[in-house]
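Peer 1: Structure supplied as start.cif; contents: mmCIF, C-alpha atoms.
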```cif
data_my_file
#
loop_
_atom_site.group_PDB
_atom_site.id
_atom_site.type_symbol
_atom_site.label_atom_id
_atom_site.label_comp_id
_atom_site.auth_asym_id
_atom_site.auth_seq_id
_atom_site.Cartn_x
_atom_site.Cartn_y
_atom_site.Cartn_z
ATOM 1 C CA MET Q 1 5.023 4.725 -114.922
ATOM 2 C CA ALA Q 2 3.295 2.809 -117.675
ATOM 3 C CA ARG Q 3 -0.378 2.007 -117.062
ATOM 4 C CA ILE Q 4 -2.299 -1.099 -118.058
ATOM 5 C CA GLU Q 5 -4.107 1.057 -120.623
ATOM 6 C CA ASP Q 6 -0.745 1.886 -122.228
ATOM 7 C CA VAL Q 7 0.080 -1.810 -122.534
ATOM 8 C CA ALA Q 8 -3.308 -2.532 -124.096
ATOM 9 C CA ALA Q 9 -2.843 0.271 -126.646
ATOM 10 C CA ARG Q 10 0.688 -0.868 -127.563
ATOM 11 C CA ALA Q 11 -0.441 -4.493 -128.015
ATOM 12 C CA GLY Q 12 -3.684 -3.573 -129.767
ATOM 13 C CA VAL Q 13 -5.873 -5.452 -127.302
ATOM 14 C CA SER Q 14 -8.377 -4.618 -124.593
ATOM 15 C CA VAL Q 15 -7.486 -3.890 -120.977
ATOM 16 C CA GLY Q 16 -9.329 -7.088 -120.074
ATOM 17 C CA THR Q 17 -7.002 -9.123 -122.281
ATOM 18 C CA VAL Q 18 -3.944 -7.610 -120.584
ATOM 19 C CA SER Q 19 -5.498 -8.450 -117.223
ATOM 20 C CA ASN Q 20 -6.031 -12.049 -118.353
ATOM 21 C CA VAL Q 21 -2.402 -12.324 -119.464
ATOM 22 C CA LEU Q 22 -1.333 -11.194 -115.983
ATOM 23 C CA ASN Q 23 -3.779 -13.270 -113.993
ATOM 24 C CA ARG Q 24 -5.020 -16.126 -116.206
ATOM 25 C CA PRO Q 25 -2.486 -16.521 -119.039
ATOM 26 C CA GLN Q 26 -3.903 -19.908 -120.005
ATOM 27 C CA ALA Q 27 -7.098 -18.145 -121.090
ATOM 28 C CA VAL Q 28 -5.307 -16.090 -123.770
ATOM 29 C CA ALA Q 29 -4.246 -17.352 -127.201
ATOM 30 C CA PRO Q 30 -0.454 -17.849 -127.409
ATOM 31 C CA LYS Q 31 0.106 -15.243 -130.177
ATOM 32 C CA THR Q 32 -1.946 -12.610 -128.342
ATOM 33 C CA ARG Q 33 -0.246 -13.436 -125.060
ATOM 34 C CA ALA Q 34 3.185 -13.041 -126.683
ATOM 35 C CA ARG Q 35 2.172 -9.633 -128.093
ATOM 36 C CA VAL Q 36 0.987 -8.428 -124.701
ATOM 37 C CA GLU Q 37 4.109 -9.743 -122.945
ATOM 38 C CA ALA Q 38 6.280 -7.911 -125.497
ATOM 39 C CA ALA Q 39 4.380 -4.669 -124.842
ATOM 40 C CA ILE Q 40 4.828 -5.156 -121.073
ATOM 41 C CA ALA Q 41 8.583 -5.586 -121.555
ATOM 42 C CA GLU Q 42 8.889 -2.591 -123.924
ATOM 43 C CA LEU Q 43 7.013 -0.246 -121.610
ATOM 44 C CA GLY Q 44 8.491 -1.600 -118.375
ATOM 45 C CA TYR Q 45 5.000 -2.064 -116.994
ATOM 46 C CA LEU Q 46 4.735 -3.229 -113.361
ATOM 47 C CA PRO Q 47 1.375 -4.676 -112.253
ATOM 48 C CA ASN Q 48 -0.303 -2.953 -109.340
ATOM 49 C CA GLU Q 49 -0.496 -5.757 -106.785
ATOM 50 C CA SER Q 50 -3.003 -3.861 -104.643
ATOM 51 C CA ALA Q 51 -5.348 -3.463 -107.599
ATOM 52 C CA ARG Q 52 -4.931 -7.124 -108.547
ATOM 53 C CA ALA Q 53 -5.809 -8.132 -105.002
ATOM 54 C CA LEU Q 54 -8.962 -6.028 -105.152
ATOM 55 C CA VAL Q 55 -10.035 -7.741 -108.369
ATOM 56 C CA SER Q 56 -9.163 -11.293 -107.310
ATOM 57 C CA GLY Q 57 -10.119 -10.921 -103.641
ATOM 58 C CA ARG Q 58 -6.719 -12.302 -102.606
ATOM 59 C CA SER Q 59 -3.172 -10.930 -102.481
ATOM 60 C CA ARG Q 60 -0.217 -12.842 -103.894
ATOM 61 C CA THR Q 61 1.154 -13.529 -100.416
ATOM 62 C CA VAL Q 62 0.893 -16.135 -97.684
ATOM 63 C CA GLY Q 63 1.578 -15.426 -94.034
ATOM 64 C CA LEU Q 64 4.052 -17.255 -91.816
ATOM 65 C CA VAL Q 65 3.831 -16.635 -88.057
ATOM 66 C CA VAL Q 66 6.501 -18.240 -85.842
ATOM 67 C CA PRO Q 67 7.382 -17.770 -82.155
ATOM 68 C CA ASP Q 68 11.072 -16.860 -82.598
ATOM 69 C CA VAL Q 69 12.655 -15.702 -85.867
ATOM 70 C CA THR Q 70 16.098 -15.637 -84.203
ATOM 71 C CA ASN Q 71 15.991 -19.421 -83.723
ATOM 72 C CA PRO Q 72 17.743 -21.100 -86.703
ATOM 73 C CA PHE Q 73 15.151 -23.884 -86.554
ATOM 74 C CA PHE Q 74 12.412 -21.487 -87.621
ATOM 75 C CA ALA Q 75 14.677 -19.861 -90.199
ATOM 76 C CA ASP Q 76 15.060 -23.284 -91.819
ATOM 77 C CA LEU Q 77 11.291 -23.857 -91.691
ATOM 78 C CA ALA Q 78 10.775 -20.519 -93.417
ATOM 79 C CA ARG Q 79 13.314 -21.414 -96.099
ATOM 80 C CA GLY Q 80 11.436 -24.613 -96.919
ATOM 81 C CA ALA Q 81 8.085 -22.813 -97.058
ATOM 82 C CA GLU Q 82 9.498 -20.032 -99.220
ATOM 83 C CA GLU Q 83 10.868 -22.575 -101.700
ATOM 84 C CA VAL Q 84 7.351 -23.904 -102.322
ATOM 85 C CA ALA Q 85 5.708 -20.470 -102.342
ATOM 86 C CA ASP Q 86 8.162 -19.243 -104.957
ATOM 87 C CA LYS Q 87 7.047 -22.018 -107.318
ATOM 88 C CA HIS Q 88 3.507 -20.653 -106.998
ATOM 89 C CA ASP Q 89 4.718 -17.068 -107.652
ATOM 90 C CA VAL Q 90 3.662 -16.115 -104.125
ATOM 91 C CA VAL Q 91 5.599 -14.172 -101.482
ATOM 92 C CA VAL Q 92 5.940 -15.337 -97.864
ATOM 93 C CA GLU Q 93 5.285 -12.566 -95.336
ATOM 94 C CA LEU Q 94 7.047 -13.455 -92.073
ATOM 95 C CA TYR Q 95 5.888 -12.401 -88.589
ATOM 96 C CA ASN Q 96 7.537 -13.039 -85.217
ATOM 97 C CA SER Q 97 5.033 -13.594 -82.398
ATOM 98 C CA ALA Q 98 7.847 -13.737 -79.796
ATOM 99 C CA ASP Q 99 5.763 -16.367 -77.963
ATOM 100 C CA SER Q 100 3.203 -13.655 -77.217
ATOM 101 C CA LEU Q 101 -0.457 -14.541 -77.633
ATOM 102 C CA GLU Q 102 -1.359 -10.863 -77.970
ATOM 103 C CA ARG Q 103 1.117 -10.383 -80.820
ATOM 104 C CA GLU Q 104 0.048 -13.599 -82.495
ATOM 105 C CA LEU Q 105 -3.604 -12.556 -82.506
ATOM 106 C CA ARG Q 106 -2.685 -9.110 -83.851
ATOM 107 C CA TYR Q 107 -0.592 -10.555 -86.671
ATOM 108 C CA LEU Q 108 -3.186 -13.145 -87.640
ATOM 109 C CA GLY Q 109 -5.779 -10.389 -87.804
ATOM 110 C CA ARG Q 110 -3.494 -8.232 -89.914
ATOM 111 C CA LEU Q 111 -2.852 -11.048 -92.371
ATOM 112 C CA GLU Q 112 -6.564 -11.758 -92.656
ATOM 113 C CA THR Q 113 -7.383 -8.116 -93.443
ATOM 114 C CA GLN Q 114 -4.630 -8.142 -96.070
ATOM 115 C CA ARG Q 115 -6.522 -11.000 -97.747
ATOM 116 C CA VAL Q 116 -3.500 -13.288 -97.886
ATOM 117 C CA GLN Q 117 -4.063 -16.550 -99.721
ATOM 118 C CA GLY Q 118 -3.382 -18.585 -96.608
ATOM 119 C CA ILE Q 119 -1.441 -18.715 -93.345
ATOM 120 C CA LEU Q 120 1.218 -21.023 -91.915
ATOM 121 C CA VAL Q 121 1.432 -20.663 -88.151
ATOM 122 C CA THR Q 122 3.256 -22.177 -85.192
ATOM 123 C CA PRO Q 123 0.579 -21.147 -82.698
ATOM 124 C CA VAL Q 124 1.153 -19.766 -79.239
ATOM 125 C CA ASP Q 125 -2.617 -20.086 -78.685
ATOM 126 C CA ARG Q 126 -2.808 -23.597 -77.209
ATOM 127 C CA GLY Q 127 -6.597 -23.679 -77.425
ATOM 128 C CA GLY Q 128 -6.596 -22.931 -81.128
ATOM 129 C CA ARG Q 129 -9.618 -20.609 -81.036
ATOM 130 C CA ALA Q 130 -7.971 -17.963 -83.237
ATOM 131 C CA VAL Q 131 -7.088 -20.534 -85.879
ATOM 132 C CA GLU Q 132 -10.590 -22.001 -85.864
ATOM 133 C CA GLU Q 133 -12.074 -18.524 -86.323
ATOM 134 C CA LEU Q 134 -9.798 -17.837 -89.287
ATOM 135 C CA ILE Q 135 -10.842 -21.112 -90.890
ATOM 136 C CA SER Q 136 -14.531 -20.408 -90.301
ATOM 137 C CA ARG Q 137 -14.139 -17.109 -92.188
ATOM 138 C CA GLY Q 138 -12.519 -18.797 -95.163
ATOM 139 C CA THR Q 139 -8.763 -18.361 -94.687
ATOM 140 C CA PRO Q 140 -6.801 -21.589 -95.318
ATOM 141 C CA VAL Q 141 -4.478 -22.383 -92.391
ATOM 142 C CA VAL Q 142 -1.819 -25.033 -91.803
ATOM 143 C CA LEU Q 143 -0.269 -25.602 -88.370
ATOM 144 C CA LEU Q 144 3.511 -25.793 -88.562
ATOM 145 C CA ASP Q 145 5.567 -27.691 -85.958
ATOM 146 C CA ARG Q 146 2.337 -28.409 -84.099
ATOM 147 C CA GLY Q 147 0.144 -31.492 -84.303
ATOM 148 C CA ARG Q 148 -3.609 -31.454 -83.889
ATOM 149 C CA PRO Q 149 -6.052 -34.352 -84.260
ATOM 150 C CA SER Q 150 -8.770 -31.969 -85.518
ATOM 151 C CA ARG Q 151 -10.058 -32.722 -89.014
ATOM 152 C CA SER Q 152 -10.715 -29.034 -89.572
ATOM 153 C CA VAL Q 153 -7.082 -28.088 -90.236
ATOM 154 C CA CYS Q 154 -3.893 -29.540 -91.724
ATOM 155 C CA SER Q 155 -0.853 -29.854 -89.483
ATOM 156 C CA VAL Q 156 2.803 -30.793 -89.914
ATOM 157 C CA SER Q 157 4.782 -31.858 -86.876
ATOM 158 C CA VAL Q 158 7.438 -34.180 -85.480
ATOM 159 C CA ASP Q 159 6.896 -37.005 -82.985
ATOM 160 C CA HIS Q 160 8.615 -35.265 -80.079
ATOM 161 C CA LEU Q 161 7.770 -38.084 -77.681
ATOM 162 C CA ALA Q 162 9.878 -40.362 -79.891
ATOM 163 C CA GLY Q 163 12.602 -37.713 -80.014
ATOM 164 C CA GLY Q 164 12.751 -37.573 -76.239
ATOM 165 C CA ARG Q 165 12.956 -41.355 -76.103
ATOM 166 C CA LEU Q 166 15.941 -41.328 -78.482
ATOM 167 C CA ALA Q 167 17.849 -38.894 -76.273
ATOM 168 C CA GLY Q 168 16.934 -40.596 -72.991
ATOM 169 C CA ALA Q 169 17.774 -44.071 -74.264
ATOM 170 C CA HIS Q 170 21.109 -42.906 -75.704
ATOM 171 C CA LEU Q 171 22.247 -41.352 -72.446
ATOM 172 C CA ALA Q 172 21.047 -44.345 -70.410
ATOM 173 C CA GLU Q 173 22.937 -46.730 -72.724
ATOM 174 C CA LEU Q 174 26.094 -44.718 -72.080
ATOM 175 C CA GLY Q 175 25.661 -45.461 -68.360
ATOM 176 C CA HIS Q 176 24.165 -42.194 -67.132
ATOM 177 C CA ARG Q 177 21.730 -42.684 -64.264
ATOM 178 C CA ARG Q 178 21.104 -39.051 -63.275
ATOM 179 C CA ILE Q 179 20.018 -36.959 -66.232
ATOM 180 C CA ALA Q 180 18.778 -33.348 -66.262
ATOM 181 C CA PHE Q 181 16.284 -32.127 -68.833
ATOM 182 C CA VAL Q 182 16.833 -28.425 -69.555
ATOM 183 C CA GLY Q 183 13.963 -26.709 -71.355
ATOM 184 C CA GLY Q 184 10.828 -24.678 -71.100
ATOM 185 C CA PRO Q 185 8.344 -23.437 -70.605
ATOM 186 C CA LEU Q 186 7.053 -26.914 -69.815
ATOM 187 C CA SER Q 187 3.572 -25.763 -70.806
ATOM 188 C CA ALA Q 188 4.713 -25.855 -74.446
ATOM 189 C CA PRO Q 189 3.473 -29.213 -75.820
ATOM 190 C CA GLN Q 190 6.612 -30.037 -77.797
ATOM 191 C CA VAL Q 191 8.831 -29.356 -74.759
ATOM 192 C CA ALA Q 192 6.602 -31.465 -72.504
ATOM 193 C CA ASP Q 193 6.643 -34.336 -75.013
ATOM 194 C CA ARG Q 194 10.449 -34.320 -75.229
ATOM 195 C CA LEU Q 195 10.686 -34.482 -71.429
ATOM 196 C CA ASP Q 196 8.061 -37.237 -71.237
ATOM 197 C CA GLY Q 197 9.826 -39.334 -73.873
ATOM 198 C CA ALA Q 198 13.189 -38.974 -72.150
ATOM 199 C CA ARG Q 199 11.723 -39.953 -68.792
ATOM 200 C CA ARG Q 200 10.065 -43.062 -70.221
ATOM 201 C CA ALA Q 201 13.251 -44.261 -71.901
ATOM 202 C CA ALA Q 202 15.409 -43.485 -68.880
ATOM 203 C CA ALA Q 203 13.020 -45.222 -66.476
ATOM 204 C CA ALA Q 204 13.127 -48.371 -68.599
ATOM 205 C CA ALA Q 205 16.900 -48.433 -68.060
ATOM 206 C CA GLY Q 206 16.768 -47.630 -64.341
ATOM 207 C CA ALA Q 207 17.733 -43.963 -64.771
ATOM 208 C CA THR Q 208 15.997 -40.763 -63.686
ATOM 209 C CA VAL Q 209 15.397 -37.451 -65.457
ATOM 210 C CA GLU Q 210 15.130 -34.227 -63.460
ATOM 211 C CA ALA Q 211 13.356 -31.286 -65.116
ATOM 212 C CA VAL Q 212 15.182 -27.937 -65.008
ATOM 213 C CA GLU Q 213 12.622 -25.531 -66.451
ATOM 214 C CA THR Q 214 13.776 -22.501 -68.439
ATOM 215 C CA PRO Q 215 11.732 -19.428 -69.386
ATOM 216 C CA ALA Q 216 12.694 -19.728 -73.059
ATOM 217 C CA LEU Q 217 14.538 -21.901 -75.588
ATOM 218 C CA THR Q 218 17.570 -19.622 -75.946
ATOM 219 C CA VAL Q 219 21.345 -19.696 -75.493
ATOM 220 C CA ALA Q 220 21.038 -17.291 -72.543
ATOM 221 C CA ALA Q 221 18.514 -19.572 -70.823
ATOM 222 C CA GLY Q 222 20.892 -22.499 -71.344
ATOM 223 C CA ARG Q 223 23.741 -20.595 -69.740
ATOM 224 C CA GLN Q 224 21.581 -19.731 -66.736
ATOM 225 C CA ALA Q 225 20.428 -23.336 -66.251
ATOM 226 C CA ALA Q 226 23.976 -24.645 -66.603
ATOM 227 C CA GLY Q 227 25.222 -22.152 -64.034
ATOM 228 C CA ALA Q 228 22.738 -23.503 -61.501
ATOM 229 C CA LEU Q 229 23.756 -27.105 -62.233
ATOM 230 C CA VAL Q 230 27.497 -26.407 -62.027
ATOM 231 C CA ALA Q 231 27.011 -24.579 -58.709
ATOM 232 C CA ARG Q 232 25.759 -27.774 -57.096
ATOM 233 C CA GLY Q 233 29.180 -29.378 -57.116
ATOM 234 C CA ALA Q 234 30.335 -32.685 -58.567
ATOM 235 C CA GLY Q 235 28.567 -34.944 -56.098
ATOM 236 C CA ASP Q 236 25.162 -33.328 -56.432
ATOM 237 C CA ARG Q 237 24.764 -32.662 -60.131
ATOM 238 C CA PRO Q 238 23.644 -35.004 -62.925
ATOM 239 C CA SER Q 239 26.192 -36.605 -65.212
ATOM 240 C CA ALA Q 240 24.260 -35.759 -68.394
ATOM 241 C CA VAL Q 241 21.949 -33.058 -69.730
ATOM 242 C CA PHE Q 242 19.295 -33.396 -72.420
ATOM 243 C CA CYS Q 243 18.315 -29.968 -73.746
ATOM 244 C CA ALA Q 244 14.981 -29.191 -75.386
ATOM 245 C CA ASN Q 245 16.770 -27.528 -78.300
ATOM 246 C CA ASP Q 246 20.281 -26.879 -79.599
ATOM 247 C CA LEU Q 247 20.357 -23.231 -78.538
ATOM 248 C CA LEU Q 248 19.946 -24.307 -74.919
ATOM 249 C CA ALA Q 249 22.581 -27.004 -75.437
ATOM 250 C CA LEU Q 250 25.042 -24.445 -76.818
ATOM 251 C CA GLY Q 251 24.433 -22.254 -73.768
ATOM 252 C CA VAL Q 252 25.048 -25.215 -71.453
ATOM 253 C CA LEU Q 253 28.212 -26.142 -73.364
ATOM 254 C CA GLN Q 254 29.583 -22.584 -73.143
ATOM 255 C CA THR Q 255 29.031 -22.371 -69.390
ATOM 256 C CA VAL Q 256 30.346 -25.766 -68.344
ATOM 257 C CA THR Q 257 33.497 -25.496 -70.473
ATOM 258 C CA ARG Q 258 34.105 -21.947 -69.178
ATOM 259 C CA ASP Q 259 33.886 -23.307 -65.635
ATOM 260 C CA GLY Q 260 36.454 -26.025 -66.338
ATOM 261 C CA LEU Q 261 34.228 -29.066 -66.820
ATOM 262 C CA ARG Q 262 35.026 -31.511 -69.606
ATOM 263 C CA VAL Q 263 32.362 -32.545 -72.132
ATOM 264 C CA PRO Q 264 31.422 -35.382 -72.180
ATOM 265 C CA GLU Q 265 33.734 -36.705 -69.424
ATOM 266 C CA ASP Q 266 32.281 -34.550 -66.622
ATOM 267 C CA LEU Q 267 28.952 -33.735 -68.239
ATOM 268 C CA ALA Q 268 27.445 -35.248 -71.375
ATOM 269 C CA ILE Q 269 25.110 -33.046 -73.455
ATOM 270 C CA VAL Q 270 22.416 -33.895 -76.004
ATOM 271 C CA GLY Q 271 20.554 -31.204 -77.919
ATOM 272 C CA TYR Q 272 17.481 -31.166 -80.140
ATOM 273 C CA ASP Q 273 16.817 -29.895 -83.703
ATOM 274 C CA ASP Q 274 20.329 -30.465 -85.124
ATOM 275 C CA ILE Q 275 20.712 -26.921 -86.387
ATOM 276 C CA GLU Q 276 23.849 -26.103 -88.387
ATOM 277 C CA PHE Q 277 25.650 -24.730 -85.321
ATOM 278 C CA ALA Q 278 25.328 -28.081 -83.500
ATOM 279 C CA ALA Q 279 27.974 -29.779 -85.639
ATOM 280 C CA ALA Q 280 30.160 -26.647 -85.601
ATOM 281 C CA ALA Q 281 30.270 -26.274 -81.799
ATOM 282 C CA ALA Q 282 33.592 -26.408 -79.935
ATOM 283 C CA VAL Q 283 32.525 -29.903 -78.896
ATOM 284 C CA PRO Q 284 30.263 -31.102 -81.748
ATOM 285 C CA LEU Q 285 26.845 -31.709 -80.253
ATOM 286 C CA THR Q 286 24.921 -34.937 -80.297
ATOM 287 C CA SER Q 287 21.413 -33.872 -81.254
ATOM 288 C CA VAL Q 288 17.966 -35.182 -82.166
ATOM 289 C CA ARG Q 289 17.467 -34.096 -85.764
ATOM 290 C CA GLN Q 290 14.210 -32.689 -87.089
ATOM 291 C CA PRO Q 291 13.707 -32.400 -90.878
ATOM 292 C CA ARG Q 292 13.500 -28.627 -90.609
ATOM 293 C CA GLU Q 293 13.250 -27.485 -94.219
ATOM 294 C CA GLN Q 294 11.078 -30.478 -95.103
ATOM 295 C CA LEU Q 295 8.608 -29.441 -92.394
ATOM 296 C CA GLY Q 296 8.304 -26.034 -94.045
ATOM 297 C CA ARG Q 297 8.013 -27.482 -97.555
ATOM 298 C CA VAL Q 298 5.322 -30.015 -96.686
ATOM 299 C CA ALA Q 299 3.309 -27.447 -94.721
ATOM 300 C CA ALA Q 300 3.411 -25.031 -97.658
ATOM 301 C CA GLU Q 301 2.454 -27.788 -100.103
ATOM 302 C CA LEU Q 302 -0.589 -28.638 -97.971
ATOM 303 C CA LEU Q 303 -1.515 -24.955 -97.824
ATOM 304 C CA PHE Q 304 -1.391 -24.524 -101.611
ATOM 305 C CA GLU Q 305 -3.331 -27.741 -102.113
ATOM 306 C CA GLU Q 306 -6.120 -26.212 -100.054
ATOM 307 C CA ILE Q 307 -5.821 -22.794 -101.710
ATOM 308 C CA ASN Q 308 -6.027 -24.246 -105.225
ATOM 309 C CA ASP Q 309 -8.575 -26.999 -104.605
ATOM 310 C CA ALA Q 310 -10.544 -26.049 -101.519
ATOM 311 C CA GLY Q 311 -13.619 -27.995 -102.625
ATOM 312 C CA ARG Q 312 -11.892 -31.370 -102.736
ATOM 313 C CA HIS Q 313 -9.037 -30.812 -100.308
ATOM 314 C CA GLY Q 314 -8.900 -33.269 -97.406
ATOM 315 C CA HIS Q 315 -7.144 -32.090 -94.266
ATOM 316 C CA ARG Q 316 -4.137 -34.174 -93.284
ATOM 317 C CA GLN Q 317 -1.997 -34.402 -90.166
ATOM 318 C CA VAL Q 318 1.589 -35.226 -91.175
ATOM 319 C CA ALA Q 319 3.999 -36.383 -88.464
ATOM 320 C CA PHE Q 320 7.703 -36.964 -89.121
ATOM 321 C CA GLN Q 321 10.009 -39.188 -87.100
ATOM 322 C CA PRO Q 322 13.146 -37.612 -85.580
ATOM 323 C CA GLU Q 323 16.642 -39.083 -85.851
ATOM 324 C CA LEU Q 324 19.484 -39.189 -83.328
ATOM 325 C CA VAL Q 325 22.769 -37.778 -84.673
ATOM 326 C CA VAL Q 326 25.642 -38.901 -82.445
ATOM 327 C CA ARG Q 327 28.709 -36.656 -82.204
ATOM 328 C CA ARG Q 328 31.251 -35.992 -79.446
ATOM 329 C CA SER Q 329 29.270 -34.319 -76.651
#
```
Please lay out the structure from this file as structure tokens.
Peer 2:
Amino acid sequence: MARIEDVAARAGVSVGTVSNVLNRPQAVAPKTRARVEAAIAELGYLPNESARALVSGRSRTVGLVVPDVTNPFFADLARGAEEVADKHDVVVELYNSADSLERELRYLGRLETQRVQGILVTPVDRGGRAVEELISRGTPVVLLDRGRPSRSVCSVSVDHLAGGRLAGAHLAELGHRRIAFVGGPLSAPQVADRLDGARRAAAAAGATVEAVETPALTVAAGRQAAGALVARGAGDRPSAVFCANDLLALGVLQTVTRDGLRVPEDLAIVGYDDIEFAAAAAVPLTSVRQPREQLGRVAAELLFEEINDAGRHGHRQVAFQPELVVRRS
């Protein structure tokens, strides 16, 4: 493999000039830069990223830690973040915490020791101590899909209380008076907010919302919750279900249709997130839409603002409003 010294010799410049072309091209005269770039192309030289990180003190990567990479919602967030990172010639390194605090702490520590430029994280750590420690040691962090009033960190989130209100009000307007909320764990702030919003809207219309807590936000958990609801019999079950995300809603839809119930005639269903599969379901799902890719893009933009201008960067807390998408369920 060609070495940086070989490139310098071919271009007739110093090793330092080649390094500047790779790392600070604006500092090199255009004619010299063109000569070095031609030598790089002729020799097929590939920069040693590890060596560059040692010199600069930072790698050309940012970390992204999410609780469930199998959830299409987080895949869309990652796509938005990657779009912005690519414009900065930076790679996104993705980690799945699987909603485990122990794994999250291990991955955050690993990213810090790798000297990543910054970290996007949907934290499992509700107290935020790990994030605060990262910030205190100089690693830029942006919270993704989590709000925080703290001025010490940027955050990008959605008003999930408003999202819950949209779902609760919609079902109440359709005449439903007994509504089940399927989701969990209820200790997760975004899940609790969606339930709270639905209850407030339903109460205003004289309806009630019963919480059916699930251990996770998955299709399997939705199937299990739906099985328990269907087993109650027609006179004892709610007439509508609001699910904390679309994966749960798809699980509910699969179970109730398998057991012979009609959607929405026997049981109406509303999901949350509006992932691609919601519209493609056997009965297209009504869902509360989050701007998934936009969340990822804005979070990454805030992160690079801080990375590139840490001295003047002001932390911001960006909150998007959700939107109800009405379909057939």
Peer 1: Could you work out how far CA of Gly147 in chain Q lies from CA of Ile269 in chain Q, giving the answer in Å with one decimal?
Peer 2: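 Calculated distance between CA of Ile269 in chain Q and CA of Gly147 in chain Q is 27.3 Å.
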Peer 1: For the file shown, what are the residues hit by the PyMOL selection byres ((chain Q and resi 197) around 8), laid out as a list in words?
Peer 2: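 Going through the file, the PyMOL selection byres ((chain Q and resi 197) around 8) ends up selecting His160, Leu161, Ala162, Gly163, Gly164, Arg165, Leu166, Gly168, Asp193, Arg194, Leu195, Asp196, Ala198, Arg199, Arg200 and Ala201 of chain Q.
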Peer 1: For Arg177 in chain Q, find every residue with an atom within 8 Å (counting all atoms listed in the file), except residues of its own chain fewer than 2 positions away, and show them as number ranges by chain.
Peer 2: Q: 172, 175, 179, 202, 206-208, 239
Peer 1: Give me, as CSV, the closest atom pair and its distance (Å, one decimal) for every residue of range 144-231 of chain Q within a cut-off of 8 Å of range 105-123 of chain Q, counting all atoms listed in the file, rows sorted by chain and rising number.
Peer 2:
```
residue,atom,partner,partner_atom,distance
Q:Leu144,CA,Q:Thr122,CA,4.9
Q:Asp145,CA,Q:Thr122,CA,6.0
Q:Arg146,CA,Q:Thr122,CA,6.4
```
Peer 1: Suppose we keep C-alpha atoms; can you now write the selection as a short mmCIF file (atom, residue, chain, number, x, y, z; two decimals), in the frame of the given file?
Peer 2:
```cif
data_model
loop_
_atom_site.label_atom_id
_atom_site.label_comp_id
_atom_site.auth_asym_id
_atom_site.auth_seq_id
_atom_site.Cartn_x
_atom_site.Cartn_y
_atom_site.Cartn_z
CA LEU Q 144 3.51 -25.79 -88.56
CA ASP Q 145 5.57 -27.69 -85.96
CA ARG Q 146 2.34 -28.41 -84.10
#
```
Peer 1: Name the residues that the PyMOL selection byres ((chain Q and resi 91-97) around 10) picks from the file above, as a PyMOL selection string, using the file's chain letters and numbers.
Peer 2: chain Q and resi 59-70+78-79+81-90+98-108+111+116+118-124
Peer 1: For each of Q:Leu302, Q:Val15, Q:Leu285, Q:Ala2, take the minimum atom-to-atom distance to Ala41 in chain Q, counting only C-alpha atoms, then give the residue where this is smallest.
Peer 2: Q:Ala2
Peer 1: Would you list the residues near (-1.4, -27.3, -102.6), meaning any protein, DNA or RNA residue with an atom at most 12 Å from that point in file coordinates, counting all atoms listed in the file, as a ChimeraX atom specification?
Peer 2: /Q:81,84-85,87-88,117-118,140-142,154,297-310,312-316
Peer 1: So which one's closest to Pro284 in chain Q, Q:Arg35, Q:Arg148, Q:Arg137, Q:Arg327? Using only C-alpha atoms, please.
Peer 2: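 Among the listed residues, the smallest separation from Pro284 in chain Q belongs to Q:Arg327.
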Peer 1: Quick one: residues within 12 Å of range 223-231 of chain Q, all atoms listed in the file, excluding same-chain residues fewer than 3 positions away - as a ChimeraX atom specification?
Peer 2: /Q:179-184,210-220,234-243,247-262,266-267,269
Peer 1: Could you save those same residues with C-alpha atoms as a tab-separated table (two decimals), in the frame of the given file?
Peer 2:
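To be explicit, this is the file written out as again-v8.tsv:
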```tsv
chain	number	residue	atom	x	y	z
Q	179	ILE	CA	20.02	-36.96	-66.23
Q	180	ALA	CA	18.78	-33.35	-66.26
Q	181	PHE	CA	16.28	-32.13	-68.83
Q	182	VAL	CA	16.83	-28.42	-69.56
Q	183	GLY	CA	13.96	-26.71	-71.36
Q	184	GLY	CA	10.83	-24.68	-71.10
Q	210	GLU	CA	15.13	-34.23	-63.46
Q	211	ALA	CA	13.36	-31.29	-65.12
Q	212	VAL	CA	15.18	-27.94	-65.01
Q	213	GLU	CA	12.62	-25.53	-66.45
Q	214	THR	CA	13.78	-22.50	-68.44
Q	215	PRO	CA	11.73	-19.43	-69.39
Q	216	ALA	CA	12.69	-19.73	-73.06
Q	217	LEU	CA	14.54	-21.90	-75.59
Q	218	THR	CA	17.57	-19.62	-75.95
Q	219	VAL	CA	21.34	-19.70	-75.49
Q	220	ALA	CA	21.04	-17.29	-72.54
Q	234	ALA	CA	30.34	-32.68	-58.57
Q	235	GLY	CA	28.57	-34.94	-56.10
Q	236	ASP	CA	25.16	-33.33	-56.43
Q	237	ARG	CA	24.76	-32.66	-60.13
Q	238	PRO	CA	23.64	-35.00	-62.92
Q	239	SER	CA	26.19	-36.60	-65.21
Q	240	ALA	CA	24.26	-35.76	-68.39
Q	241	VAL	CA	21.95	-33.06	-69.73
Q	242	PHE	CA	19.30	-33.40	-72.42
Q	243	CYS	CA	18.32	-29.97	-73.75
Q	247	LEU	CA	20.36	-23.23	-78.54
Q	248	LEU	CA	19.95	-24.31	-74.92
Q	249	ALA	CA	22.58	-27.00	-75.44
Q	250	LEU	CA	25.04	-24.44	-76.82
Q	251	GLY	CA	24.43	-22.25	-73.77
Q	252	VAL	CA	25.05	-25.22	-71.45
Q	253	LEU	CA	28.21	-26.14	-73.36
Q	254	GLN	CA	29.58	-22.58	-73.14
Q	255	THR	CA	29.03	-22.37	-69.39
Q	256	VAL	CA	30.35	-25.77	-68.34
Q	257	THR	CA	33.50	-25.50	-70.47
Q	258	ARG	CA	34.10	-21.95	-69.18
Q	259	ASP	CA	33.89	-23.31	-65.64
Q	260	GLY	CA	36.45	-26.02	-66.34
Q	261	LEU	CA	34.23	-29.07	-66.82
Q	262	ARG	CA	35.03	-31.51	-69.61
Q	266	ASP	CA	32.28	-34.55	-66.62
Q	267	LEU	CA	28.95	-33.74	-68.24
Q	269	ILE	CA	25.11	-33.05	-73.46
```
